[in-house]
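Engineer: Hey, dropping run-v1.cif in here, mmCIF, C-alpha atoms:
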```cif
data_my_file
loop_
_atom_site.label_atom_id
_atom_site.label_comp_id
_atom_site.auth_asym_id
_atom_site.auth_seq_id
_atom_site.Cartn_x
_atom_site.Cartn_y
_atom_site.Cartn_z
CA MET A 1 -16.06 9.96 -2.46
CA LYS A 2 -17.20 9.29 1.09
CA VAL A 3 -15.55 6.43 2.97
CA LEU A 4 -16.27 4.81 6.33
CA ILE A 5 -13.27 3.26 8.07
CA PHE A 6 -14.01 1.16 11.14
CA SER A 7 -11.16 -0.16 13.25
CA GLU A 8 -11.67 -1.78 16.62
CA ALA A 9 -7.86 -1.91 16.82
CA ALA A 10 -7.11 1.82 16.63
CA ALA A 11 -3.54 1.54 17.83
CA GLY A 12 -0.11 0.16 16.96
CA GLY A 13 0.64 -1.15 13.49
CA VAL A 14 -2.99 -1.17 12.34
CA LEU A 15 -3.35 2.54 13.05
CA SER A 16 -0.01 3.28 11.35
CA VAL A 17 -1.20 1.47 8.24
CA ILE A 18 -4.48 3.40 8.14
CA ILE A 19 -2.68 6.73 8.50
CA ASP A 20 -0.28 5.89 5.66
CA GLN A 21 -3.04 4.52 3.43
CA LEU A 22 -5.04 7.72 3.79
CA GLU A 23 -2.01 9.85 2.97
CA VAL A 24 -1.54 8.04 -0.34
CA ILE A 25 -5.22 7.66 -1.24
CA SER A 26 -6.05 11.31 -0.56
CA LYS A 27 -3.52 12.33 -3.24
CA VAL A 28 -5.15 10.05 -5.81
CA ILE A 29 -8.75 10.78 -4.79
CA PRO A 30 -8.83 14.54 -4.08
CA ASP A 31 -12.52 14.60 -3.10
CA LEU A 32 -12.00 11.93 -0.43
CA GLU A 33 -14.04 12.37 2.76
CA VAL A 34 -13.48 9.88 5.58
CA ASP A 35 -15.37 9.04 8.75
CA PHE A 36 -13.02 7.12 11.04
CA VAL A 37 -14.88 5.11 13.67
CA PHE A 38 -13.07 3.24 16.43
CA SER A 39 -13.32 1.58 19.82
CA SER A 40 -10.75 2.74 22.30
CA ARG A 41 -8.00 0.58 23.83
CA LEU A 42 -5.46 1.42 26.52
CA GLU A 43 -2.83 1.99 23.83
CA THR A 44 -5.09 4.09 21.57
CA PRO A 45 -3.52 7.56 21.20
CA LYS A 46 -5.45 10.33 22.91
CA ASN A 47 -4.83 12.71 20.01
CA LEU A 48 -6.44 10.71 17.20
CA LYS A 49 -8.03 13.83 15.74
CA GLU A 50 -4.58 15.39 15.38
CA ILE A 51 -2.91 12.37 13.78
CA LEU A 52 -5.91 11.77 11.48
CA PRO A 53 -6.44 15.30 10.12
CA ARG A 54 -8.11 13.99 6.95
CA CYS A 55 -10.87 12.29 8.94
CA ASN A 56 -13.95 12.96 10.98
CA VAL A 57 -13.10 10.90 14.07
CA TYR A 58 -15.78 9.14 16.14
CA ASP A 59 -15.37 7.00 19.24
CA LEU A 60 -18.08 4.35 19.57
CA GLY A 61 -17.56 4.46 23.34
CA VAL A 62 -17.28 0.68 23.60
CA VAL A 63 -14.49 -0.90 25.60
CA ARG A 64 -13.04 -4.29 24.75
CA GLU A 65 -13.61 -5.66 28.24
CA ASP A 66 -17.38 -5.18 28.02
CA LYS A 67 -19.05 -8.59 27.54
CA LYS A 68 -21.59 -6.95 25.24
CA SER A 69 -18.96 -5.04 23.25
CA LEU A 70 -19.63 -6.79 19.93
CA PHE A 71 -23.35 -6.14 20.12
CA LYS A 72 -22.81 -2.52 21.15
CA MET A 73 -20.41 -1.94 18.26
CA TRP A 74 -22.87 -3.53 15.83
CA ARG A 75 -25.72 -1.37 17.14
CA GLY A 76 -23.58 1.78 17.13
CA LEU A 77 -22.51 1.30 13.54
CA ARG A 78 -26.01 0.63 12.25
CA SER A 79 -27.63 3.54 14.09
CA ALA A 80 -25.03 6.30 13.72
CA PHE A 81 -23.28 5.35 10.46
CA PRO A 82 -25.80 3.96 7.96
CA ALA A 83 -24.26 2.32 4.90
CA SER A 84 -26.34 4.50 2.57
CA ASN A 85 -24.14 7.48 3.54
CA TYR A 86 -20.97 5.93 2.11
CA ASP A 87 -19.47 4.89 -1.20
CA VAL A 88 -16.90 2.57 0.42
CA ILE A 89 -16.75 0.81 3.81
CA HIS A 90 -13.30 -0.41 4.90
CA LEU A 91 -13.06 -2.65 7.95
CA HIS A 92 -9.70 -3.13 9.69
CA SER A 93 -9.00 -6.07 12.08
CA SER A 94 -10.82 -9.38 12.62
CA ILE A 95 -13.27 -8.03 15.19
CA SER A 96 -14.09 -5.02 13.02
CA GLY A 97 -14.59 -7.33 10.07
CA PHE A 98 -16.93 -9.56 12.02
CA VAL A 99 -19.05 -6.74 13.42
CA GLY A 100 -18.96 -4.53 10.33
CA ARG A 101 -19.94 -7.24 7.86
CA LEU A 102 -22.88 -8.22 10.05
CA ALA A 103 -23.91 -4.57 10.39
CA TYR A 104 -23.71 -3.90 6.64
CA ILE A 105 -24.48 -7.33 5.23
CA ARG A 106 -27.06 -5.89 2.80
CA HIS A 107 -24.43 -3.57 1.34
CA ALA A 108 -21.78 -6.16 0.54
CA SER A 109 -20.71 -4.45 -2.68
CA LYS A 110 -19.33 -1.51 -0.68
CA ILE A 111 -17.21 -3.51 1.77
CA ILE A 112 -13.46 -4.09 1.90
CA TYR A 113 -12.09 -6.06 4.83
CA THR A 114 -8.44 -6.22 5.94
CA PRO A 115 -7.91 -8.72 8.81
CA HIS A 116 -4.40 -7.59 9.87
CA CYS A 117 -3.94 -11.18 11.09
CA TYR A 118 -6.90 -13.52 11.34
CA ALA A 119 -8.28 -14.09 14.85
CA PHE A 120 -8.41 -17.86 14.30
CA LEU A 121 -4.59 -17.82 14.43
CA ALA A 122 -4.60 -16.41 17.97
CA LYS A 123 -3.09 -19.06 20.22
CA GLU A 124 -4.17 -17.12 23.29
CA ARG A 125 -7.79 -17.99 22.47
CA SER A 126 -9.41 -21.31 23.27
CA PHE A 127 -9.78 -23.95 20.55
CA SER A 128 -13.55 -23.42 20.44
CA SER A 129 -13.11 -19.65 20.07
CA ARG A 130 -10.62 -20.06 17.24
CA ALA A 131 -12.90 -22.55 15.50
CA LEU A 132 -15.80 -20.12 15.79
CA TYR A 133 -13.76 -17.32 14.22
CA LEU A 134 -12.70 -19.64 11.39
CA VAL A 135 -16.31 -20.53 10.61
CA ALA A 136 -17.32 -16.87 10.82
CA GLU A 137 -14.57 -15.87 8.37
CA ALA A 138 -15.61 -18.58 5.92
CA VAL A 139 -19.29 -17.63 6.07
CA LEU A 140 -18.91 -13.84 6.16
CA GLY A 141 -16.28 -14.00 3.45
CA ARG A 142 -19.11 -13.72 0.95
CA VAL A 143 -19.80 -10.19 2.24
CA GLY A 144 -17.55 -7.80 0.34
CA PHE A 145 -14.00 -8.88 -0.38
CA VAL A 146 -10.75 -9.27 1.50
CA ALA A 147 -7.75 -6.99 0.94
CA ALA A 148 -4.99 -9.05 2.57
CA CYS A 149 -2.13 -7.01 4.03
CA GLY A 150 0.56 -9.65 3.47
CA ASP A 151 1.41 -12.87 1.66
CA SER A 152 0.60 -15.24 4.56
CA GLU A 153 -2.74 -13.53 5.13
CA TYR A 154 -3.46 -13.75 1.41
CA LYS A 155 -2.79 -17.50 1.41
CA TYR A 156 -5.11 -18.08 4.37
CA ALA A 157 -7.84 -16.00 2.72
CA ARG A 158 -7.53 -17.82 -0.60
CA ARG A 159 -8.05 -21.18 1.12
CA MET A 160 -11.51 -20.01 2.19
CA LEU A 161 -12.58 -17.38 -0.33
CA SER A 162 -12.41 -16.39 -3.97
CA LYS A 163 -12.80 -12.62 -3.62
CA VAL A 164 -9.34 -11.74 -2.32
CA ILE A 165 -6.70 -9.22 -3.38
CA LEU A 166 -3.21 -8.64 -2.00
CA ILE A 167 -2.27 -5.12 -0.90
CA ARG A 168 0.93 -5.41 1.10
CA ASN A 169 1.47 -2.99 3.95
CA GLY A 170 3.74 -0.13 3.00
CA VAL A 171 6.01 1.92 5.20
CA ARG A 172 7.21 5.47 4.79
CA ALA A 173 11.01 5.43 4.57
CA PRO A 174 12.02 7.12 7.84
CA GLU A 175 14.49 9.94 8.05
CA LYS A 176 18.00 8.90 8.96
CA LEU A 177 18.20 9.62 12.67
CA ALA A 178 21.58 10.55 14.13
CA VAL A 179 21.46 8.16 17.05
CA ASP A 180 24.06 5.80 18.47
CA LYS A 181 23.50 2.06 18.13
CA GLU A 182 23.40 1.52 21.88
CA VAL A 183 20.98 -1.43 22.12
CA ASP A 184 21.92 -4.88 20.84
CA LEU A 185 18.45 -6.48 20.78
CA ILE A 186 15.31 -4.43 20.27
CA SER A 187 11.62 -5.21 19.73
CA VAL A 188 8.37 -3.26 19.38
CA GLY A 189 4.83 -4.18 20.42
CA ARG A 190 2.32 -4.70 23.16
CA VAL A 191 3.47 -6.73 26.14
CA CYS A 192 1.31 -9.74 25.33
CA GLU A 193 1.33 -13.32 24.07
CA GLN A 194 0.74 -12.44 20.43
CA LYS A 195 3.88 -10.32 20.29
CA GLY A 196 5.84 -13.03 22.07
CA TYR A 197 6.90 -10.96 25.05
CA ARG A 198 7.61 -14.00 27.25
CA ALA A 199 9.84 -15.50 24.57
CA PHE A 200 11.74 -12.22 24.28
CA GLU A 201 12.09 -12.17 28.05
CA ALA A 202 13.42 -15.73 28.02
CA LEU A 203 15.90 -14.88 25.27
CA VAL A 204 17.43 -11.84 26.94
CA ASN A 205 17.47 -13.48 30.38
CA LYS A 206 19.65 -16.38 29.27
CA SER A 207 22.51 -16.53 31.74
CA ASN A 208 25.14 -16.55 29.00
CA LEU A 209 23.53 -13.87 26.82
CA ASN A 210 24.91 -10.51 27.91
CA PHE A 211 23.43 -8.33 25.21
CA SER A 212 21.74 -5.02 25.99
CA HIS A 213 18.05 -4.99 25.11
CA LEU A 214 14.91 -2.87 24.95
CA TRP A 215 11.21 -3.63 24.48
CA ILE A 216 9.40 -0.63 22.99
CA GLY A 217 5.76 -0.71 24.08
CA GLY A 218 3.60 -1.39 27.09
CA PRO A 219 2.18 -1.87 29.56
CA VAL A 220 5.21 -1.93 31.85
CA GLU A 221 5.64 -5.02 34.04
CA GLU A 222 7.18 -3.95 37.33
CA LYS A 223 8.73 -7.35 38.19
CA SER A 224 10.12 -7.98 34.72
CA HIS A 225 13.87 -8.13 34.11
CA VAL A 226 13.29 -6.70 30.62
CA SER A 227 13.79 -3.00 29.90
CA ILE A 228 10.34 -1.75 28.78
CA THR A 229 9.60 1.80 27.62
CA GLY A 230 5.86 1.78 28.27
CA TRP A 231 3.53 3.56 25.85
CA ILE A 232 5.35 6.35 24.00
CA THR A 233 4.65 8.53 20.96
CA ARG A 234 5.18 7.43 17.38
CA ALA A 235 8.17 9.75 17.00
CA GLU A 236 9.74 8.36 20.17
CA VAL A 237 9.22 4.79 18.95
CA LEU A 238 11.14 5.51 15.73
CA GLU A 239 13.93 7.30 17.57
CA LYS A 240 14.45 4.38 19.96
CA LEU A 241 14.07 1.81 17.19
CA ALA A 242 16.82 3.49 15.20
CA GLY A 243 19.15 2.90 18.13
CA GLY A 244 18.92 -0.88 17.88
CA ARG A 245 21.44 -3.22 16.26
CA ILE A 246 19.21 -6.29 15.76
CA TYR A 247 15.43 -6.37 15.64
CA ILE A 248 14.03 -9.41 17.45
CA SER A 249 10.58 -10.73 16.52
CA THR A 250 9.23 -13.40 18.83
CA ALA A 251 5.62 -12.79 17.70
CA GLU A 252 3.46 -15.90 17.43
CA TRP A 253 1.28 -14.60 14.59
CA GLU A 254 0.98 -11.39 12.56
CA GLY A 255 -0.74 -9.96 9.51
CA LEU A 256 2.24 -8.11 8.03
CA PRO A 257 4.13 -6.45 10.91
CA ILE A 258 5.18 -2.83 10.50
CA ALA A 259 7.95 -2.54 13.10
CA PRO A 260 10.39 -5.04 11.54
CA ILE A 261 9.92 -3.34 8.16
CA GLU A 262 10.72 0.01 9.76
CA ALA A 263 13.74 -1.57 11.40
CA GLN A 264 14.98 -2.74 7.99
CA HIS A 265 14.57 0.77 6.63
CA PHE A 266 17.07 1.79 9.34
CA GLY A 267 19.41 -0.99 8.18
CA ILE A 268 18.64 -3.18 11.19
CA PRO A 269 18.71 -6.94 10.46
CA VAL A 270 15.74 -8.96 11.73
CA ILE A 271 16.08 -12.24 13.60
CA ALA A 272 12.64 -13.76 14.02
CA LEU A 273 10.71 -16.87 14.91
CA ASP A 274 9.36 -18.40 11.70
CA LYS A 275 5.67 -17.53 12.15
CA PRO A 276 2.78 -16.45 9.86
CA GLY A 277 3.17 -12.88 8.68
CA VAL A 278 6.64 -12.47 10.14
CA ARG A 279 8.19 -14.80 7.57
CA ASP A 280 6.90 -12.44 4.85
CA VAL A 281 9.25 -9.63 5.90
CA VAL A 282 12.49 -11.61 6.38
CA VAL A 283 14.60 -13.21 3.65
CA HIS A 284 16.55 -15.90 5.49
CA GLY A 285 20.29 -15.35 5.21
CA LYS A 286 19.86 -12.10 3.26
CA THR A 287 18.04 -9.58 5.48
CA GLY A 288 18.14 -11.58 8.69
CA TYR A 289 17.29 -15.06 9.91
CA LEU A 290 14.14 -17.11 10.53
CA CYS A 291 14.40 -19.43 13.51
CA ASN A 292 12.54 -22.45 14.85
CA ASN A 293 13.32 -21.77 18.51
CA LEU A 294 15.16 -19.52 20.98
CA ILE A 295 18.32 -21.60 20.79
CA GLU A 296 18.64 -20.79 17.09
CA MET A 297 17.82 -17.13 17.78
CA GLU A 298 20.61 -16.86 20.33
CA ALA A 299 23.10 -18.45 17.96
CA TYR A 300 22.20 -16.08 15.12
CA CYS A 301 22.35 -13.06 17.45
CA ARG A 302 25.90 -13.99 18.39
CA GLN A 303 26.85 -14.69 14.78
CA VAL A 304 25.58 -11.32 13.52
CA LEU A 305 26.81 -9.15 16.39
CA ASP A 306 30.27 -10.73 16.45
CA ASN A 307 30.93 -10.33 12.71
CA GLU A 308 31.08 -6.80 11.30
CA ASP A 309 31.18 -7.97 7.68
CA GLU A 310 28.10 -10.13 8.22
CA TYR A 311 26.29 -7.26 9.91
CA SER A 312 27.14 -4.80 7.12
CA ARG A 313 25.95 -7.21 4.44
CA LEU A 314 22.61 -7.84 6.15
CA SER A 315 22.17 -4.14 6.93
CA GLU A 316 22.56 -3.06 3.31
CA ASN A 317 20.27 -5.83 2.08
CA CYS A 318 17.62 -4.78 4.62
CA ARG A 319 17.41 -1.24 3.31
CA LEU A 320 17.08 -2.34 -0.30
CA PHE A 321 14.53 -5.06 0.52
CA ALA A 322 12.30 -2.68 2.48
CA LEU A 323 12.42 -0.02 -0.23
CA ASP A 324 11.69 -2.50 -3.02
CA ASN A 325 8.85 -4.42 -1.36
CA PHE A 326 7.15 -2.27 1.27
CA SER A 327 6.97 1.28 -0.02
CA MET A 328 4.00 3.59 0.32
CA ASN A 329 3.28 3.02 -3.38
CA ASN A 330 1.71 -0.29 -2.38
CA TYR A 331 -1.37 1.67 -1.35
CA LEU A 332 -2.02 2.95 -4.86
CA LYS A 333 -3.67 -0.42 -5.45
CA LEU A 334 -6.06 0.32 -2.59
CA ALA A 335 -6.98 3.66 -4.18
CA GLU A 336 -7.85 1.73 -7.36
CA ALA A 337 -10.05 -0.61 -5.34
CA TYR A 338 -11.87 2.34 -3.75
CA ASN A 339 -12.51 3.86 -7.18
CA ASP A 340 -13.76 0.56 -8.57
CA ILE A 341 -16.24 0.15 -5.71
CA ALA A 342 -17.49 3.73 -5.88
CA SER A 343 -17.91 3.78 -9.67
#
```
Turn the structure described in the file into structure tokens.

Structural biologist:
Amino acid sequence: MKVLIFSEAAAGGVLSVIIDQLEVISKVIPDLEVDFVFSSRLETPKNLKEILPRCNVYDLGVVREDKKSLFKMWRGLRSAFPASNYDVIHLHSSISGFVGRLAYIRHASKIIYTPHCYAFLAKERSFSSRALYLVAEAVLGRVGFVAACGDSEYKYARRMLSKVILIRNGVRAPEKLAVDKEVDLISVGRVCEQKGYRAFEALVNKSNLNFSHLWIGGPVEEKSHVSITGWITRAEVLEKLAGGRIYISTAEWEGLPIAPIEAQHFGIPVIALDKPGVRDVVVHGKTGYLCNNLIEMEAYCRQVLDNEDEYSRLSENCRLFALDNFSMNNYLKLAEAYNDIAS
């Protein structure tokens, strides 16, 4: 079986999901051959060929800042990667879904699309831009079908479309790392509005909140009062994450975020703003707390960190919840979908 995977967002959680999906699918489909096509970002790893050993890796050579990037991606896909060469075409991210479905619109039966958070939820975009993405999703939804990565994404897709399946993101249970819990509040992601960096900054900079903190990701802001690692390797991310006591999610919108699931595997409770995607990985009062604002977040941080029994209860629940709901076995359903399309 030959598969084309196109991901404009070849970094962060999306890339982690693709890597894990391929690990599971390749065991179920032994003749799997994959062409992985991407557009580079600042945070895209330079060693993609090493971390995607099961793939032929191709860079479209299109940068996000280029005003003609969408057209260039569309043209690059059609010219260099004709649909006739593939049994399955899997598109990851909203931009990839938009470009890929236009490029392969005549081959709809081969297409699977996973948004990893719909672009029309992006508050950083203008109203007109979000409206345009919403219309595009509704119209192009007839091309192929959507494999939603989480419950919130599934609900949004079902409001517009009929051809939708739910394949929750899965996470490999990490090895228990022998690290000290030195950081009270920890978060992972790009320093941007979507990930809620400013809200995290506001939380840790409260004059009466003297908790240690760390933001794992980049780019580094020189004038920020937040401790930021900058871009680091996947192994380094997990090592630093394991050293946190509470995972803070101030993200404004997500598909199904990987980092808080990984945190729960380490027994780290999650305190999060109640936002799409994020609410799917936190059971309020059992594995952490969902909050309406930063005032509630601060109160729950104090409650959890000041009470060892409370912390132990949440920590144990986190591990069990992550194992039960977000294991790598979730991707067996995607292997079935691939086989159904190719048959």

Engineer: So, with all atoms listed in the file as the atoms that count, which of A:Met328, A:Ala80, A:Ile105, A:Ile295 lies closest to Ala199 of chain A?

Structural biologist: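 Ranking A:Met328, A:Ala80, A:Ile105, A:Ile295 by distance to Ala199 of chain A, first place goes to A:Ile295.
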
Engineer: Any chance you could resolve the PyMOL selection byres ((chain A and resi 10) around 12) against this file and give the residues as a PyMOL selection string?

Structural biologist: chain A and resi 5-9+11-19+36-48+51-52+57-60+63-64+91-93+95-96+116

Engineer: From the set A:Gly189, A:Pro30, A:Pro82, A:Gly255, which residue has the shortest atom-to-atom contact distance to Leu121 of chain A, counting only C-alpha atoms?

Structural biologist: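 Once distances to Leu121 of chain A are computed over only C-alpha atoms, the minimum belongs to A:Gly255.
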
Engineer: Using all atoms listed in the file - which residues lie no farther than 8 Å from the point (-1.8, 5.5, 0.2) in the file's frame? Write them as number ranges by chain.

Structural biologist: A: 20-27, 328-332, 334-335

Engineer: One decimal, Å: what's the distance from atom CA of Gly97 of chain A over to atom CA of Pro257 of chain A, could you say?

Structural biologist: 18.8 Å

Engineer: I need the output of the PyMOL selection byres ((chain A and resi 184) around 8) for this file as a ChimeraX atom specification; which residues are they?

Structural biologist: /A:181-183,185-186,211-213,244-246,305

Engineer: Evaluate the PyMOL selection byres ((chain A and resi 166) around 9) on the structure here and hand back the selected residues as an MDAnalysis selection string.

Structural biologist: chainID A and resid 146:151 153:154 164:165 167:168 333
